[in-house]
>>> print(open('upload.cif').read())   # mmCIF, C-alpha atoms, pLDDT in the B column; chains and numbers go by the auth columns
data_target
loop_
_atom_site.group_PDB
_atom_site.id
_atom_site.type_symbol
_atom_site.label_atom_id
_atom_site.label_comp_id
_atom_site.label_asym_id
_atom_site.label_seq_id
_atom_site.Cartn_x
_atom_site.Cartn_y
_atom_site.Cartn_z
_atom_site.B_iso_or_equiv
_atom_site.auth_seq_id
_atom_site.auth_asym_id
ATOM 1 C CA ARG A 1 140.644 -47.705 21.031 56.00 1 A
ATOM 2 C CA LEU A 2 138.380 -50.760 21.278 53.00 2 A
ATOM 3 C CA ASN A 3 140.755 -52.455 23.733 60.00 3 A
ATOM 4 C CA LEU A 4 140.849 -49.670 26.327 64.00 4 A
ATOM 5 C CA PRO A 5 139.133 -50.697 29.591 67.00 5 A
ATOM 6 C CA VAL A 6 136.137 -48.359 29.869 68.00 6 A
ATOM 7 C CA VAL A 7 136.292 -46.271 26.712 75.00 7 A
ATOM 8 C CA GLY A 8 136.862 -49.315 24.516 79.00 8 A
ATOM 9 C CA LYS A 9 133.716 -51.114 25.568 83.00 9 A
ATOM 10 C CA THR A 10 131.641 -47.971 25.063 86.00 10 A
ATOM 11 C CA ALA A 11 133.193 -47.378 21.631 86.00 11 A
ATOM 12 C CA ARG A 12 132.587 -51.016 20.669 86.00 12 A
ATOM 13 C CA ILE A 13 128.929 -50.821 21.709 89.00 13 A
ATOM 14 C CA ALA A 14 128.429 -47.566 19.805 90.00 14 A
ATOM 15 C CA ALA A 15 130.110 -49.038 16.707 90.00 15 A
ATOM 16 C CA MET A 16 127.852 -52.093 16.865 90.00 16 A
ATOM 17 C CA GLY A 17 124.833 -49.816 17.131 92.00 17 A
ATOM 18 C CA ARG A 18 125.890 -47.904 14.017 93.00 18 A
ATOM 19 C CA PHE A 19 126.626 -51.198 12.221 93.00 19 A
ATOM 20 C CA GLY A 20 123.230 -52.654 13.134 92.00 20 A
ATOM 21 C CA ARG A 21 121.318 -49.536 12.146 93.00 21 A
ATOM 22 C CA ALA A 22 123.114 -49.233 8.798 94.00 22 A
ATOM 23 C CA LEU A 23 122.810 -52.940 7.971 92.00 23 A
ATOM 24 C CA GLY A 24 119.137 -52.986 8.927 92.00 24 A
ATOM 25 C CA ALA A 25 118.353 -49.955 6.772 93.00 25 A
ATOM 26 C CA LEU A 26 120.344 -51.241 3.808 93.00 26 A
ATOM 27 C CA TYR A 27 118.834 -54.721 4.068 90.00 27 A
ATOM 28 C CA GLU A 28 115.300 -53.340 4.207 91.00 28 A
ATOM 29 C CA ALA A 29 116.067 -51.099 1.222 92.00 29 A
ATOM 30 C CA GLY A 30 116.912 -54.182 -0.822 91.00 30 A
ATOM 31 C CA VAL A 31 120.657 -53.660 -1.146 92.00 31 A
ATOM 32 C CA PRO A 32 122.428 -56.969 -1.863 92.00 32 A
ATOM 33 C CA ILE A 33 123.675 -58.485 1.397 90.00 33 A
ATOM 34 C CA GLY A 34 127.369 -58.397 0.489 91.00 34 A
ATOM 35 C CA GLU A 35 127.285 -54.714 -0.397 93.00 35 A
ATOM 36 C CA ALA A 36 125.073 -53.955 2.621 93.00 36 A
ATOM 37 C CA LEU A 37 127.567 -55.646 4.942 93.00 37 A
ATOM 38 C CA ARG A 38 130.543 -53.802 3.439 93.00 38 A
ATOM 39 C CA LEU A 39 128.787 -50.435 3.725 94.00 39 A
ATOM 40 C CA ALA A 40 127.567 -51.148 7.256 93.00 40 A
ATOM 41 C CA GLY A 41 131.092 -52.151 8.290 92.00 41 A
ATOM 42 C CA GLN A 42 132.462 -48.873 6.955 93.00 42 A
ATOM 43 C CA THR A 43 129.619 -46.930 8.592 91.00 43 A
ATOM 44 C CA SER A 44 130.345 -48.467 12.004 90.00 44 A
ATOM 45 C CA GLY A 45 133.281 -46.114 12.505 88.00 45 A
ATOM 46 C CA SER A 46 135.533 -48.991 13.529 86.00 46 A
ATOM 47 C CA ASP A 47 138.332 -50.104 11.235 89.00 47 A
ATOM 48 C CA VAL A 48 138.418 -53.466 13.014 89.00 48 A
ATOM 49 C CA ILE A 49 134.735 -54.138 12.346 90.00 49 A
ATOM 50 C CA ALA A 50 135.015 -52.942 8.739 92.00 50 A
ATOM 51 C CA GLN A 51 138.026 -55.189 8.108 93.00 51 A
ATOM 52 C CA LYS A 52 136.510 -58.285 9.734 92.00 52 A
ATOM 53 C CA VAL A 53 133.222 -57.833 7.873 92.00 53 A
ATOM 54 C CA ALA A 54 135.035 -57.389 4.556 92.00 54 A
ATOM 55 C CA GLU A 55 136.911 -60.646 5.212 92.00 55 A
ATOM 56 C CA VAL A 56 133.716 -62.695 5.687 93.00 56 A
ATOM 57 C CA VAL A 57 131.524 -61.137 2.982 93.00 57 A
ATOM 58 C CA PRO A 58 132.622 -63.708 0.339 93.00 58 A
ATOM 59 C CA ARG A 59 131.530 -66.527 2.663 93.00 59 A
ATOM 60 C CA ILE A 60 128.113 -64.936 3.198 91.00 60 A
ATOM 61 C CA GLU A 61 127.718 -64.300 -0.533 91.00 61 A
ATOM 62 C CA GLY A 62 128.582 -67.985 -0.980 90.00 62 A
ATOM 63 C CA GLY A 63 125.521 -68.970 1.036 89.00 63 A
ATOM 64 C CA GLU A 64 126.693 -69.241 4.653 90.00 64 A
ATOM 65 C CA PRO A 65 124.336 -67.863 7.328 90.00 65 A
ATOM 66 C CA ILE A 66 124.997 -64.237 8.227 90.00 66 A
ATOM 67 C CA ALA A 67 124.879 -64.649 12.011 91.00 67 A
ATOM 68 C CA SER A 68 127.210 -67.624 12.328 89.00 68 A
ATOM 69 C CA THR A 69 129.655 -66.114 9.840 92.00 69 A
ATOM 70 C CA LEU A 70 129.767 -62.798 11.713 91.00 70 A
ATOM 71 C CA GLU A 71 130.093 -64.726 14.969 91.00 71 A
ATOM 72 C CA SER A 72 133.290 -66.326 13.669 91.00 72 A
ATOM 73 C CA THR A 73 134.929 -62.883 13.524 90.00 73 A
ATOM 74 C CA ASN A 74 134.824 -62.593 17.356 89.00 74 A
ATOM 75 C CA VAL A 75 134.085 -58.885 17.019 89.00 75 A
ATOM 76 C CA PHE A 76 130.326 -58.705 17.513 89.00 76 A
ATOM 77 C CA SER A 77 128.427 -58.968 20.782 88.00 77 A
ATOM 78 C CA ARG A 78 126.398 -62.020 21.710 90.00 78 A
ATOM 79 C CA MET A 79 123.222 -59.910 21.632 90.00 79 A
ATOM 80 C CA LEU A 80 123.783 -58.791 18.037 90.00 80 A
ATOM 81 C CA ILE A 81 124.555 -62.348 16.909 92.00 81 A
ATOM 82 C CA ASP A 82 121.524 -63.820 18.705 92.00 82 A
ATOM 83 C CA MET A 83 119.168 -61.169 17.348 91.00 83 A
ATOM 84 C CA LEU A 84 120.568 -61.682 13.861 89.00 84 A
ATOM 85 C CA LYS A 85 120.005 -65.450 14.169 91.00 85 A
ATOM 86 C CA THR A 86 116.426 -64.809 15.229 92.00 86 A
ATOM 87 C CA GLY A 87 115.979 -62.399 12.334 89.00 87 A
ATOM 88 C CA GLU A 88 117.284 -64.974 9.877 89.00 88 A
ATOM 89 C CA GLN A 89 114.878 -67.590 11.218 91.00 89 A
ATOM 90 C CA THR A 90 111.838 -65.310 11.196 90.00 90 A
ATOM 91 C CA GLY A 91 112.660 -63.281 8.097 87.00 91 A
ATOM 92 C CA GLU A 92 112.779 -60.066 10.135 90.00 92 A
ATOM 93 C CA ILE A 93 116.496 -59.240 9.880 89.00 93 A
ATOM 94 C CA GLY A 94 115.909 -55.507 9.426 88.00 94 A
ATOM 95 C CA THR A 95 113.597 -55.263 12.421 89.00 95 A
ATOM 96 C CA MET A 96 115.967 -57.225 14.646 91.00 96 A
ATOM 97 C CA LEU A 97 118.954 -55.138 13.593 90.00 97 A
ATOM 98 C CA ASN A 98 117.067 -51.913 14.308 90.00 98 A
ATOM 99 C CA THR A 99 116.191 -53.254 17.760 90.00 99 A
ATOM 100 C CA VAL A 100 119.856 -54.080 18.381 90.00 100 A
ATOM 101 C CA ALA A 101 120.871 -50.615 17.202 91.00 101 A
ATOM 102 C CA GLN A 102 118.441 -48.910 19.580 92.00 102 A
ATOM 103 C CA THR A 103 119.639 -51.044 22.482 92.00 103 A
ATOM 104 C CA CYS A 104 123.305 -50.409 21.689 90.00 104 A
ATOM 105 C CA ASP A 105 122.727 -46.664 21.312 90.00 105 A
ATOM 106 C CA SER A 106 120.969 -46.516 24.681 92.00 106 A
ATOM 107 C CA GLU A 107 123.672 -48.547 26.385 92.00 107 A
ATOM 108 C CA ALA A 108 126.434 -46.414 24.858 90.00 108 A
ATOM 109 C CA ARG A 109 124.735 -43.223 26.101 92.00 109 A
ATOM 110 C CA VAL A 110 124.385 -44.626 29.621 93.00 110 A
ATOM 111 C CA ARG A 111 127.993 -45.838 29.673 89.00 111 A
ATOM 112 C CA SER A 112 129.221 -42.438 28.445 88.00 112 A
ATOM 113 C CA LYS A 113 127.354 -40.628 31.203 92.00 113 A
ATOM 114 C CA GLN A 114 128.626 -43.076 33.818 89.00 114 A
ATOM 115 C CA SER A 115 132.204 -42.727 32.571 86.00 115 A
ATOM 116 C CA ALA A 116 131.982 -38.939 32.657 89.00 116 A
ATOM 117 C CA THR A 117 130.645 -39.040 36.223 91.00 117 A
ATOM 118 C CA VAL A 118 133.380 -41.409 37.392 89.00 118 A
ATOM 119 C CA PHE A 119 136.050 -39.285 35.699 89.00 119 A
ATOM 120 C CA ALA A 120 134.738 -36.084 37.289 94.00 120 A
ATOM 121 C CA LEU A 121 134.594 -37.655 40.747 94.00 121 A
ATOM 122 C CA SER A 122 138.100 -39.077 40.333 93.00 122 A
ATOM 123 C CA PHE A 123 139.379 -35.656 39.309 95.00 123 A
ATOM 124 C CA TYR A 124 137.742 -33.987 42.326 96.00 124 A
ATOM 125 C CA LEU A 125 139.171 -36.649 44.623 97.00 125 A
ATOM 126 C CA ALA A 126 142.661 -36.123 43.205 97.00 126 A
ATOM 127 C CA VAL A 127 142.390 -32.350 43.737 97.00 127 A
ATOM 128 C CA MET A 128 141.146 -32.871 47.300 97.00 128 A
ATOM 129 C CA LEU A 129 144.025 -35.236 48.078 97.00 129 A
ATOM 130 C CA TYR A 130 146.530 -32.744 46.682 97.00 130 A
ATOM 131 C CA ILE A 131 145.066 -29.939 48.786 97.00 131 A
ATOM 132 C CA ALA A 132 145.147 -32.187 51.869 97.00 132 A
ATOM 133 C CA TYR A 133 148.795 -33.012 51.137 96.00 133 A
ATOM 134 C CA VAL A 134 149.694 -29.314 50.823 96.00 134 A
ATOM 135 C CA VAL A 135 147.871 -28.438 54.077 96.00 135 A
ATOM 136 C CA VAL A 136 149.453 -31.317 56.038 95.00 136 A
ATOM 137 C CA THR A 137 152.907 -30.498 54.654 93.00 137 A
ATOM 138 C CA PHE A 138 152.481 -26.827 55.568 93.00 138 A
ATOM 139 C CA TYR A 139 151.392 -27.501 59.144 91.00 139 A
ATOM 140 C CA ALA A 140 153.973 -30.232 59.647 90.00 140 A
ATOM 141 C CA THR A 141 156.708 -27.838 58.555 88.00 141 A
ATOM 142 C CA TYR A 142 155.243 -24.957 60.589 86.00 142 A
ATOM 143 C CA TYR A 143 154.927 -26.938 63.839 85.00 143 A
ATOM 144 C CA GLY A 144 158.240 -28.693 63.203 82.00 144 A
ATOM 145 C CA SER A 145 160.043 -25.336 62.978 80.00 145 A
ATOM 146 C CA MET A 146 158.245 -24.063 66.090 79.00 146 A
ATOM 147 C CA LEU A 147 159.335 -27.100 68.104 78.00 147 A
ATOM 148 C CA LYS A 148 162.947 -26.723 66.956 78.00 148 A
ATOM 149 C CA GLY A 149 162.932 -23.045 67.802 65.00 149 A
ATOM 150 C CA SER A 150 161.680 -23.587 71.380 58.00 150 A
#
>>> encode(input="upload.cif", output="structure tokens")
Amino acid sequence: RLNLPVVGKTARIAAMGRFGRALGALYEAGVPIGEALRLAGQTSGSDVIAQKVAEVVPRIEGGEPIASTLESTNVFSRMLIDMLKTGEQTGEIGTMLNTVAQTCDSEARVRSKQSATVFALSFYLAVMLYIAYVVVTFYATYYGSMLKGS
């Protein structure tokens, strides 16, 4: 689902929003980072994200920076990684992740509305083209039979 042209990008953005919100809340609640990452990965709603996060949790628990380790998975957006790096440097990981989540949620809503509008217009256009085809075929047959009959 994440690789589909329009729907995939929207689903990926929404999954990152859920991941960021869950990780931010768990981190601020004092849950150990490894467990917080695993739970946030599962909460994202994406099996790909959950699997990739689970693969890198041992590295993060071993002391590697969160942002650069998550960046190595090639699953997360540049914005999420950059905000996470900033959060690590300033000590405001939870705040940064909540900001990312809000941004991702807003972008996913906008993309969903745009996709629905494009789909509806495409459907109407297809119906109009079909009706035009039927009308042209009817009149072409009608006038063609009149010319043969004359």
>>> closest_residue(input="upload.cif", among="A:Phe119, A:Ala36, A:Tyr27, A:Ala108", to="A:Glu88", atoms="only C-alpha atoms")
A:Tyr27
>>> atom_distance(input="upload.cif", atom1="atom CA of A:Met83", atom2="atom CA of A:Thr95")
9.5 Å
>>> resolve_selection(input="upload.cif", expression="the PyMOL selection byres ((chain A and resi 41-44) around 8)", output="number ranges by chain")
A: 15-19, 22, 37-40, 45-47, 49-51, 53-54
>>> resolve_selection(input="upload.cif", expression="the PyMOL selection byres ((chain A and resi 33) around 12)", output="ChimeraX atom specification")
/A:22-32,34-41,53-54,56-66,93-94
>>> atom_distance(input="upload.cif", atom1="atom CA of A:Ser77", atom2="atom CA of A:Thr117")
25.3 Å
>>> atom_distance(input="upload.cif", atom1="atom CA of A:Ile13", atom2="atom CA of A:Thr73")
15.8 Å
>>> build_atoms(input="upload.cif", residues="stretch 68-94 of chain A", atoms="N, CA, C and O atoms", output="tab-separated table (two decimals), keeping the file's coordinate frame")
chain	number	residue	atom	x	y	z
A	68	SER	N	126.10	-66.75	11.94
A	68	SER	CA	127.21	-67.62	12.33
A	68	SER	C	128.51	-67.17	11.69
A	68	SER	O	129.59	-67.32	12.28
A	69	THR	N	128.45	-66.61	10.50
A	69	THR	CA	129.66	-66.11	9.84
A	69	THR	C	130.20	-64.89	10.57
A	69	THR	O	131.40	-64.79	10.81
A	70	LEU	N	129.31	-63.97	10.95
A	70	LEU	CA	129.77	-62.80	11.71
A	70	LEU	C	130.26	-63.20	13.10
A	70	LEU	O	131.18	-62.59	13.64
A	71	GLU	N	129.66	-64.24	13.66
A	71	GLU	CA	130.09	-64.73	14.97
A	71	GLU	C	131.53	-65.22	14.91
A	71	GLU	O	132.29	-65.05	15.87
A	72	SER	N	131.93	-65.80	13.80
A	72	SER	CA	133.29	-66.33	13.67
A	72	SER	C	134.35	-65.24	13.68
A	72	SER	O	135.54	-65.53	13.88
A	73	THR	N	133.96	-63.98	13.51
A	73	THR	CA	134.93	-62.88	13.52
A	73	THR	C	135.35	-62.52	14.94
A	73	THR	O	136.37	-61.86	15.14
A	74	ASN	N	134.56	-62.92	15.94
A	74	ASN	CA	134.82	-62.59	17.36
A	74	ASN	C	134.87	-61.09	17.62
A	74	ASN	O	135.58	-60.64	18.51
A	75	VAL	N	134.13	-60.33	16.85
A	75	VAL	CA	134.08	-58.88	17.02
A	75	VAL	C	132.74	-58.44	17.56
A	75	VAL	O	132.66	-57.49	18.32
A	76	PHE	N	131.67	-59.14	17.19
A	76	PHE	CA	130.33	-58.70	17.51
A	76	PHE	C	129.84	-59.29	18.83
A	76	PHE	O	130.23	-60.38	19.23
A	77	SER	N	128.96	-58.55	19.49
A	77	SER	CA	128.43	-58.97	20.78
A	77	SER	C	127.48	-60.15	20.61
A	77	SER	O	126.92	-60.38	19.54
A	78	ARG	N	127.31	-60.87	21.69
A	78	ARG	CA	126.40	-62.02	21.71
A	78	ARG	C	124.98	-61.57	21.37
A	78	ARG	O	124.25	-62.25	20.66
A	79	MET	N	124.57	-60.40	21.88
A	79	MET	CA	123.22	-59.91	21.63
A	79	MET	C	122.99	-59.69	20.14
A	79	MET	O	121.97	-60.12	19.59
A	80	LEU	N	123.94	-59.05	19.46
A	80	LEU	CA	123.78	-58.79	18.04
A	80	LEU	C	123.70	-60.10	17.26
A	80	LEU	O	122.84	-60.27	16.39
A	81	ILE	N	124.55	-61.06	17.60
A	81	ILE	CA	124.56	-62.35	16.91
A	81	ILE	C	123.23	-63.08	17.14
A	81	ILE	O	122.62	-63.60	16.20
A	82	ASP	N	122.78	-63.12	18.39
A	82	ASP	CA	121.52	-63.82	18.70
A	82	ASP	C	120.33	-63.17	18.00
A	82	ASP	O	119.45	-63.87	17.48
A	83	MET	N	120.27	-61.87	18.01
A	83	MET	CA	119.17	-61.17	17.35
A	83	MET	C	119.22	-61.40	15.83
A	83	MET	O	118.19	-61.55	15.19
A	84	LEU	N	120.41	-61.43	15.29
A	84	LEU	CA	120.57	-61.68	13.86
A	84	LEU	C	120.13	-63.10	13.51
A	84	LEU	O	119.47	-63.33	12.49
A	85	LYS	N	120.46	-64.07	14.39
A	85	LYS	CA	120.00	-65.45	14.17
A	85	LYS	C	118.48	-65.52	14.18
A	85	LYS	O	117.87	-66.17	13.34
A	86	THR	N	117.89	-64.84	15.15
A	86	THR	CA	116.43	-64.81	15.23
A	86	THR	C	115.83	-64.16	13.99
A	86	THR	O	114.84	-64.63	13.43
A	87	GLY	N	116.45	-63.08	13.54
A	87	GLY	CA	115.98	-62.40	12.33
A	87	GLY	C	116.08	-63.27	11.10
A	87	GLY	O	115.19	-63.25	10.24
A	88	GLU	N	117.14	-64.06	11.02
A	88	GLU	CA	117.28	-64.97	9.88
A	88	GLU	C	116.20	-66.05	9.90
A	88	GLU	O	115.67	-66.43	8.87
A	89	GLN	N	115.88	-66.53	11.10
A	89	GLN	CA	114.88	-67.59	11.22
A	89	GLN	C	113.46	-67.08	10.95
A	89	GLN	O	112.64	-67.80	10.41
A	90	THR	N	113.19	-65.85	11.35
A	90	THR	CA	111.84	-65.31	11.20
A	90	THR	C	111.65	-64.47	9.94
A	90	THR	O	110.53	-64.10	9.61
A	91	GLY	N	112.75	-64.14	9.28
A	91	GLY	CA	112.66	-63.28	8.10
A	91	GLY	C	112.56	-61.81	8.43
A	91	GLY	O	112.20	-61.00	7.59
A	92	GLU	N	112.88	-61.45	9.66
A	92	GLU	CA	112.78	-60.07	10.14
A	92	GLU	C	114.16	-59.51	10.49
A	92	GLU	O	114.35	-58.90	11.54
A	93	ILE	N	115.12	-59.69	9.60
A	93	ILE	CA	116.50	-59.24	9.88
A	93	ILE	C	116.54	-57.74	10.12
A	93	ILE	O	117.16	-57.27	11.08
A	94	GLY	N	115.88	-56.96	9.28
A	94	GLY	CA	115.91	-55.51	9.43
A	94	GLY	C	115.34	-55.05	10.75
A	94	GLY	O	115.93	-54.19	11.43
